[in-house]
Structure formats: structure tokens, C-alpha cells
Amino acid sequence: MPISRPGISVIIPAYNAERYLEETVQSVREQQWEGPLEIIVVNDGSADSTEALAKSLGCRVVSIPQSGPAAARNEGIKNASNDLIFFLDADDVLAEGSFEVLYAPMAQDPAVSAVFGRAKDFISPDVPPDEAKKIRYNVDGYEGRLTGCSFLKKDVLEQVGPFDESLKSGETVDWMVRLRASSVRIARIPDIVLLRRIHLSNMGRLDPRGEMMNYAAILRKRMKKK
């Protein structure tokens, strides 16, 4: 008799994401999860064919006026119908078997409510070779302090609270700070579960120094509130 699996709601915030969305969705479909699975694409006011493409791929689509990734994630949570939440950026790709390895600690210990794997960068094939040579990126994998590396039980999101929609960037880091300050039991696994695409439009990933300065500002903000 097969082991039952809880349902997963994959939430994909998408703004003008037509270039990579199909590959992202395909990586979810290939997980072969033995349980309910829904893919919610939150169309964040896209001006391209993101909405039509997502529907053609069989995703559940929720459209909102352009409001930023924090608002898109919060809208996805409101529409999620399953017990496990997985956030995935519309230009990233899941590694094979990610859902199974992320779920394993929860299966072993029901008290675990959040599981984090590791991430690895890759340069998108559409980056010109001359530009690709200039890009420094992590090829070995790193700790995934990202929502795209984690399984989260839905009640965790209720306990930690929504993503801060006042932040233009770094909203996931802000949320992670609050998660770590909570009583949620967290597990970490050594597996690479997320492949983060580096392309010429996601400048935050190409500017780690600027990204770290943004993270530091968020940490200072949270410390002042204590």
C-alpha cells in the first residue's frame, strides 16, 4: 500500500515571466509527488503573455495589479488549498526529487514544520557567452536561506505572519528573520533542491554586495523593533 503524502501548493509569483515560466512549471510537474499538487501562478500585473501561458500549462492563475513579490506571495497563500506551501520564483528550476527529500524530515518527525535544503546557481543558456564569462557564481551549492528551498506547513505562515509588502526587495530575508525568531521547529537537509537561474535581468543575484547591504538594513530594522 503506497504511503500517503500531504498536498502541496506551489506558489509562483510572476511578473513578465513568459521567458522562463514553462521550464519552471515543468520542473514542478517532474517531481512525481505521490499526493495532491496544485501550482498557483500569481500574475503580478504582467504586460506580456504570462497569464495566458500559465493557464495553458494547467496552472491555477490569480491575477493582481502590479504590487511586488511580497504581495504576490501573500495572495498565493490566501488561495492555497493544501497543507504544505512551496514558493518558487518564476525563473528558477527545481532539482529532481526535491519534494521527497524536503518532506522526509517531516515524515520522520511531525513536529518539524519547516525544512530547508540547499541551492545552486546556473547561468541561463540565453546569456551571451561573452557576458557569461564575466559572471561569478556559486557552482558548489549553498545553504538555502530562501523560500524556494523550503517546505513550510501552512500554519507556519499564520504564525510568522505575511510577507512585508512595504519592502521593495529582501522581503524573503525579512520573513526568514521572523521565522528564526519564532518557536517553529526547523530542519535542514544537505540536498540541493533549487537551481537558481542567473540571467541579465535579475541584477540582485549579480550584485551580492548590494544584496547583502539590503539584508543588513533589514536586520537593523528588525532589531530596532525588539
# chains A, B, ... in the order shown; residues from 1 in each chain; ligands from 1
call {"tool": "select_by_dssp", "arguments": {"residues": "segment 117-161 of chain A", "states": "alpha helix (DSSP H)", "output": "list in words"}}
result
Pro129, Asp130, Glu131, Ala132, Lys154, Asp155, Val156, Leu157, Glu158, Gln159 and Val160 of chain A
call {"tool": "write_last_selection", "arguments": {"atoms": "C-alpha atoms", "output": "tab-separated table (two decimals), in the first residue's frame"}}
result
chain	number	residue	atom	x	y	z
A	129	PRO	CA	28.87	33.72	-23.96
A	130	ASP	CA	30.88	36.93	-23.60
A	131	GLU	CA	28.64	38.06	-20.77
A	132	ALA	CA	28.56	34.62	-19.14
A	154	LYS	CA	0.61	26.34	6.21
A	155	ASP	CA	0.21	27.13	9.91
A	156	VAL	CA	3.82	28.37	9.94
A	157	LEU	CA	2.79	31.19	7.63
A	158	GLU	CA	-0.03	32.06	10.00
A	159	GLN	CA	2.33	32.03	12.98
A	160	VAL	CA	5.14	34.09	11.40
call {"tool": "select_by_dssp", "arguments": {"residues": "chain A", "states": "strand (DSSP E or B)", "output": "VMD selection string"}}
result
chain A and resid 8 to 14 37 to 44 60 to 64 84 to 87 93 to 94 114 to 123 142 to 143 150 to 153 186 to 198
call {"tool": "closest_residue", "arguments": {"among": "A:Asp174, A:Glu100, A:Asp92, A:Asp191", "to": "Tyr142 of chain A", "atoms": "only C-alpha atoms"}}
result
A:Asp191
call {"tool": "residues_around", "arguments": {"residues": "Leu179 of chain A", "least_positions_apart": "2", "cutoff": "12 Å", "atoms": "only C-alpha atoms", "output": "PyMOL selection string"}}
result
chain A and resi 113-115+145-147+152+156-163+172-177+181-186
call {"tool": "write_last_selection", "arguments": {"atoms": "C-alpha atoms", "output": "PDB file, in the first residue's frame"}}
result
ATOM      1  CA  SER A 113       7.134  22.493  10.426  1.00  0.00           C
ATOM      2  CA  ALA A 114       9.796  23.952   8.119  1.00  0.00           C
ATOM      3  CA  VAL A 115      12.505  22.168   6.138  1.00  0.00           C
ATOM      4  CA  ARG A 145      18.046  30.753   3.165  1.00  0.00           C
ATOM      5  CA  LEU A 146      15.326  31.161   0.587  1.00  0.00           C
ATOM      6  CA  THR A 147      11.659  30.320   0.441  1.00  0.00           C
ATOM      7  CA  LEU A 152       6.536  25.136   5.015  1.00  0.00           C
ATOM      8  CA  VAL A 156       3.822  28.368   9.940  1.00  0.00           C
ATOM      9  CA  LEU A 157       2.792  31.190   7.627  1.00  0.00           C
ATOM     10  CA  GLU A 158      -0.032  32.065  10.003  1.00  0.00           C
ATOM     11  CA  GLN A 159       2.330  32.032  12.980  1.00  0.00           C
ATOM     12  CA  VAL A 160       5.137  34.085  11.398  1.00  0.00           C
ATOM     13  CA  GLY A 161       2.803  36.418   9.539  1.00  0.00           C
ATOM     14  CA  PRO A 162       2.639  37.651   5.923  1.00  0.00           C
ATOM     15  CA  PHE A 163       5.484  38.974   3.805  1.00  0.00           C
ATOM     16  CA  THR A 172      12.025  36.882   1.937  1.00  0.00           C
ATOM     17  CA  VAL A 173      15.025  37.730   4.131  1.00  0.00           C
ATOM     18  CA  ASP A 174      12.789  39.797   6.395  1.00  0.00           C
ATOM     19  CA  TRP A 175      10.386  36.863   6.638  1.00  0.00           C
ATOM     20  CA  MET A 176      13.224  34.443   7.421  1.00  0.00           C
ATOM     21  CA  VAL A 177      14.405  36.673  10.272  1.00  0.00           C
ATOM     22  CA  ALA A 181      12.799  34.311  15.962  1.00  0.00           C
ATOM     23  CA  SER A 182       9.686  32.160  16.260  1.00  0.00           C
ATOM     24  CA  SER A 183       9.228  28.811  18.012  1.00  0.00           C
ATOM     25  CA  VAL A 184       8.793  26.932  14.719  1.00  0.00           C
ATOM     26  CA  ARG A 185      10.825  23.723  14.594  1.00  0.00           C
ATOM     27  CA  ILE A 186      13.148  23.846  11.586  1.00  0.00           C
TER      28      ILE A 186
END
call {"tool": "closest_residue", "arguments": {"among": "A:Leu167, A:Leu195, A:Leu21, A:Ala187", "to": "Tyr103 of chain A", "atoms": "only C-alpha atoms"}}
result
A:Ala187
call {"tool": "residues_around", "arguments": {"residues": "Lys120 of chain A", "least_positions_apart": "5", "cutoff": "8 Å", "atoms": "only C-alpha atoms", "output": "PyMOL selection string"}}
result
chain A and resi 138-142+192+194-196
call {"tool": "residues_around", "arguments": {"residues": "Ile123 of chain A", "least_positions_apart": "4", "cutoff": "9 Å", "atoms": "only C-alpha atoms", "output": "JSON, numbers by chain"}}
result
{"A": [127, 132, 135, 137, 196, 197, 198, 199]}
call {"tool": "write_last_selection", "arguments": {"atoms": "all heavy atoms", "output": "PDB file, in the first residue's frame"}}
result
ATOM      1  N   VAL A 127      22.077  33.682 -21.867  1.00  0.00           N
ATOM      2  CA  VAL A 127      23.067  34.721 -21.600  1.00  0.00           C
ATOM      3  C   VAL A 127      24.179  34.608 -22.641  1.00  0.00           C
ATOM      4  O   VAL A 127      24.748  33.532 -22.825  1.00  0.00           O
ATOM      5  CB  VAL A 127      23.659  34.567 -20.188  1.00  0.00           C
ATOM      6  CG1 VAL A 127      24.795  35.574 -19.968  1.00  0.00           C
ATOM      7  CG2 VAL A 127      22.578  34.747 -19.130  1.00  0.00           C
ATOM      8  N   ALA A 132      28.501  35.733 -20.095  1.00  0.00           N
ATOM      9  CA  ALA A 132      28.558  34.621 -19.137  1.00  0.00           C
ATOM     10  C   ALA A 132      29.941  34.490 -18.519  1.00  0.00           C
ATOM     11  O   ALA A 132      30.078  34.150 -17.339  1.00  0.00           O
ATOM     12  CB  ALA A 132      28.157  33.320 -19.834  1.00  0.00           C
ATOM     13  N   ILE A 135      30.513  36.545 -15.335  1.00  0.00           N
ATOM     14  CA  ILE A 135      29.668  36.307 -14.161  1.00  0.00           C
ATOM     15  C   ILE A 135      30.332  35.329 -13.198  1.00  0.00           C
ATOM     16  O   ILE A 135      30.709  34.225 -13.577  1.00  0.00           O
ATOM     17  CB  ILE A 135      28.287  35.761 -14.581  1.00  0.00           C
ATOM     18  CG1 ILE A 135      27.576  36.776 -15.475  1.00  0.00           C
ATOM     19  CG2 ILE A 135      27.436  35.453 -13.353  1.00  0.00           C
ATOM     20  CD1 ILE A 135      26.279  36.261 -16.070  1.00  0.00           C
ATOM     21  N   TYR A 137      29.676  33.040  -9.996  1.00  0.00           N
ATOM     22  CA  TYR A 137      28.512  32.460  -9.339  1.00  0.00           C
ATOM     23  C   TYR A 137      28.917  31.205  -8.584  1.00  0.00           C
ATOM     24  O   TYR A 137      29.995  30.651  -8.778  1.00  0.00           O
ATOM     25  CB  TYR A 137      27.405  32.154 -10.348  1.00  0.00           C
ATOM     26  CG  TYR A 137      27.760  31.096 -11.375  1.00  0.00           C
ATOM     27  CD1 TYR A 137      27.256  29.807 -11.267  1.00  0.00           C
ATOM     28  CD2 TYR A 137      28.602  31.382 -12.454  1.00  0.00           C
ATOM     29  CE1 TYR A 137      27.583  28.830 -12.203  1.00  0.00           C
ATOM     30  CE2 TYR A 137      28.921  30.424 -13.396  1.00  0.00           C
ATOM     31  CZ  TYR A 137      28.402  29.152 -13.261  1.00  0.00           C
ATOM     32  OH  TYR A 137      28.721  28.195 -14.187  1.00  0.00           O
ATOM     33  N   ARG A 196      19.034  28.015  -9.070  1.00  0.00           N
ATOM     34  CA  ARG A 196      18.725  29.431  -9.232  1.00  0.00           C
ATOM     35  C   ARG A 196      19.328  29.938 -10.538  1.00  0.00           C
ATOM     36  O   ARG A 196      20.544  29.910 -10.739  1.00  0.00           O
ATOM     37  CB  ARG A 196      19.262  30.248  -8.058  1.00  0.00           C
ATOM     38  CG  ARG A 196      18.664  29.888  -6.721  1.00  0.00           C
ATOM     39  CD  ARG A 196      19.103  30.864  -5.667  1.00  0.00           C
ATOM     40  NE  ARG A 196      18.334  32.102  -5.698  1.00  0.00           N
ATOM     41  CZ  ARG A 196      18.759  33.256  -5.215  1.00  0.00           C
ATOM     42  NH1 ARG A 196      19.982  33.358  -4.742  1.00  0.00           N
ATOM     43  NH2 ARG A 196      17.990  34.326  -5.264  1.00  0.00           N
ATOM     44  N   ARG A 197      18.464  30.421 -11.380  1.00  0.00           N
ATOM     45  CA  ARG A 197      18.889  30.907 -12.689  1.00  0.00           C
ATOM     46  C   ARG A 197      19.511  32.300 -12.593  1.00  0.00           C
ATOM     47  O   ARG A 197      18.920  33.222 -12.023  1.00  0.00           O
ATOM     48  CB  ARG A 197      17.690  30.961 -13.639  1.00  0.00           C
ATOM     49  CG  ARG A 197      18.051  31.349 -15.071  1.00  0.00           C
ATOM     50  CD  ARG A 197      16.788  31.610 -15.889  1.00  0.00           C
ATOM     51  NE  ARG A 197      15.919  30.454 -15.936  1.00  0.00           N
ATOM     52  CZ  ARG A 197      15.978  29.491 -16.879  1.00  0.00           C
ATOM     53  NH1 ARG A 197      16.878  29.577 -17.835  1.00  0.00           N
ATOM     54  NH2 ARG A 197      15.136  28.472 -16.846  1.00  0.00           N
ATOM     55  N   ILE A 198      20.681  32.451 -13.168  1.00  0.00           N
ATOM     56  CA  ILE A 198      21.308  33.764 -13.294  1.00  0.00           C
ATOM     57  C   ILE A 198      21.150  34.223 -14.730  1.00  0.00           C
ATOM     58  O   ILE A 198      21.595  33.554 -15.666  1.00  0.00           O
ATOM     59  CB  ILE A 198      22.800  33.716 -12.917  1.00  0.00           C
ATOM     60  CG1 ILE A 198      22.950  33.370 -11.432  1.00  0.00           C
ATOM     61  CG2 ILE A 198      23.475  35.040 -13.221  1.00  0.00           C
ATOM     62  CD1 ILE A 198      24.376  33.249 -10.984  1.00  0.00           C
ATOM     63  N   HIS A 199      20.486  35.343 -14.902  1.00  0.00           N
ATOM     64  CA  HIS A 199      20.346  35.935 -16.236  1.00  0.00           C
ATOM     65  C   HIS A 199      20.540  37.436 -16.114  1.00  0.00           C
ATOM     66  O   HIS A 199      20.758  37.956 -15.016  1.00  0.00           O
ATOM     67  CB  HIS A 199      18.995  35.574 -16.875  1.00  0.00           C
ATOM     68  CG  HIS A 199      17.801  35.896 -16.025  1.00  0.00           C
ATOM     69  ND1 HIS A 199      17.170  37.109 -16.055  1.00  0.00           N
ATOM     70  CD2 HIS A 199      17.120  35.136 -15.122  1.00  0.00           C
ATOM     71  CE1 HIS A 199      16.141  37.093 -15.215  1.00  0.00           C
ATOM     72  NE2 HIS A 199      16.087  35.912 -14.632  1.00  0.00           N
TER      73      HIS A 199
END
call {"tool": "closest_residue", "arguments": {"among": "A:Lys78, A:Lys134, A:Arg188, A:Arg118", "to": "Ser9 of chain A", "atoms": "only C-alpha atoms"}}
result
A:Lys78
call {"tool": "atom_distance", "arguments": {"atom1": "atom CA of Tyr20 of chain A", "atom2": "atom CA of Asn79 of chain A"}}
result
23.1 Å
call {"tool": "residues_around", "arguments": {"residues": "Ala70 of chain A", "least_positions_apart": "6", "cutoff": "7 Å", "atoms": "only C-alpha atoms", "output": "list in words"}}
result
Phe163, Asp164, Glu165 and Glu171 of chain A
call {"tool": "write_last_selection", "arguments": {"atoms": "all heavy atoms", "output": "PDB file, in the first residue's frame"}}
result
ATOM      1  N   PHE A 163       4.304  38.269   4.292  1.00  0.00           N
ATOM      2  CA  PHE A 163       5.484  38.974   3.805  1.00  0.00           C
ATOM      3  C   PHE A 163       5.210  40.477   3.870  1.00  0.00           C
ATOM      4  O   PHE A 163       4.085  40.931   3.651  1.00  0.00           O
ATOM      5  CB  PHE A 163       5.795  38.552   2.371  1.00  0.00           C
ATOM      6  CG  PHE A 163       6.305  37.145   2.257  1.00  0.00           C
ATOM      7  CD1 PHE A 163       5.423  36.084   2.113  1.00  0.00           C
ATOM      8  CD2 PHE A 163       7.660  36.871   2.309  1.00  0.00           C
ATOM      9  CE1 PHE A 163       5.878  34.784   2.024  1.00  0.00           C
ATOM     10  CE2 PHE A 163       8.135  35.574   2.219  1.00  0.00           C
ATOM     11  CZ  PHE A 163       7.236  34.521   2.078  1.00  0.00           C
ATOM     12  N   ASP A 164       6.246  41.240   4.187  1.00  0.00           N
ATOM     13  CA  ASP A 164       6.115  42.685   4.364  1.00  0.00           C
ATOM     14  C   ASP A 164       6.013  43.365   2.996  1.00  0.00           C
ATOM     15  O   ASP A 164       7.002  43.491   2.277  1.00  0.00           O
ATOM     16  CB  ASP A 164       7.321  43.214   5.139  1.00  0.00           C
ATOM     17  CG  ASP A 164       7.176  44.679   5.531  1.00  0.00           C
ATOM     18  OD1 ASP A 164       6.335  45.388   4.940  1.00  0.00           O
ATOM     19  OD2 ASP A 164       7.924  45.121   6.428  1.00  0.00           O
ATOM     20  N   GLU A 165       4.833  43.831   2.667  1.00  0.00           N
ATOM     21  CA  GLU A 165       4.596  44.419   1.345  1.00  0.00           C
ATOM     22  C   GLU A 165       5.168  45.819   1.203  1.00  0.00           C
ATOM     23  O   GLU A 165       5.177  46.384   0.106  1.00  0.00           O
ATOM     24  CB  GLU A 165       3.091  44.413   1.046  1.00  0.00           C
ATOM     25  CG  GLU A 165       2.515  43.001   0.973  1.00  0.00           C
ATOM     26  CD  GLU A 165       1.039  42.957   0.644  1.00  0.00           C
ATOM     27  OE1 GLU A 165       0.503  43.989   0.145  1.00  0.00           O
ATOM     28  OE2 GLU A 165       0.406  41.910   0.865  1.00  0.00           O
ATOM     29  N   GLU A 171      12.171  40.940   0.852  1.00  0.00           N
ATOM     30  CA  GLU A 171      11.019  40.540   1.663  1.00  0.00           C
ATOM     31  C   GLU A 171      11.152  39.116   2.205  1.00  0.00           C
ATOM     32  O   GLU A 171      10.663  38.800   3.286  1.00  0.00           O
ATOM     33  CB  GLU A 171       9.717  40.696   0.872  1.00  0.00           C
ATOM     34  CG  GLU A 171       9.448  39.658  -0.210  1.00  0.00           C
ATOM     35  CD  GLU A 171      10.335  39.817  -1.429  1.00  0.00           C
ATOM     36  OE1 GLU A 171      10.900  40.903  -1.629  1.00  0.00           O
ATOM     37  OE2 GLU A 171      10.440  38.838  -2.193  1.00  0.00           O
TER      38      GLU A 171
END
call {"tool": "atom_distance", "arguments": {"atom1": "atom CA of Lys133 of chain A", "atom2": "atom CA of Val93 of chain A"}}
result
21.8 Å
call {"tool": "residues_around", "arguments": {"residues": "Ser63 of chain A", "least_positions_apart": "6", "cutoff": "9 Å", "atoms": "only C-alpha atoms", "output": "tab-separated table (two decimals) with N, CA, C and O atoms, in the first residue's frame"}}
result
chain	number	residue	atom	x	y	z
A	41	VAL	N	0.00	30.27	-9.99
A	41	VAL	CA	0.79	31.36	-10.56
A	41	VAL	C	0.08	32.66	-10.24
A	41	VAL	O	-1.07	32.86	-10.64
A	42	VAL	N	0.74	33.52	-9.47
A	42	VAL	CA	0.17	34.82	-9.15
A	42	VAL	C	0.71	35.82	-10.16
A	42	VAL	O	1.87	36.23	-10.10
A	43	ASN	N	-0.12	36.19	-11.11
A	43	ASN	CA	0.26	37.12	-12.16
A	43	ASN	C	0.25	38.54	-11.60
A	43	ASN	O	-0.80	39.12	-11.37
A	44	ASP	N	1.44	39.09	-11.39
A	44	ASP	CA	1.60	40.37	-10.72
A	44	ASP	C	1.59	41.53	-11.72
A	44	ASP	O	2.57	42.24	-11.90
A	45	GLY	N	0.45	41.69	-12.40
A	45	GLY	CA	0.30	42.80	-13.34
A	45	GLY	C	1.19	42.72	-14.55
A	45	GLY	O	1.64	43.75	-15.07
A	46	SER	N	1.45	41.52	-15.04
A	46	SER	CA	2.34	41.35	-16.19
A	46	SER	C	1.77	42.00	-17.45
A	46	SER	O	0.56	42.02	-17.67
A	51	GLU	N	0.02	35.43	-18.07
A	51	GLU	CA	-1.27	34.87	-17.62
A	51	GLU	C	-1.76	33.78	-18.57
A	51	GLU	O	-2.12	32.67	-18.13
A	72	ALA	N	2.42	39.37	-4.02
A	72	ALA	CA	2.09	38.20	-4.82
A	72	ALA	C	2.17	36.93	-3.98
A	72	ALA	O	1.31	36.05	-4.08
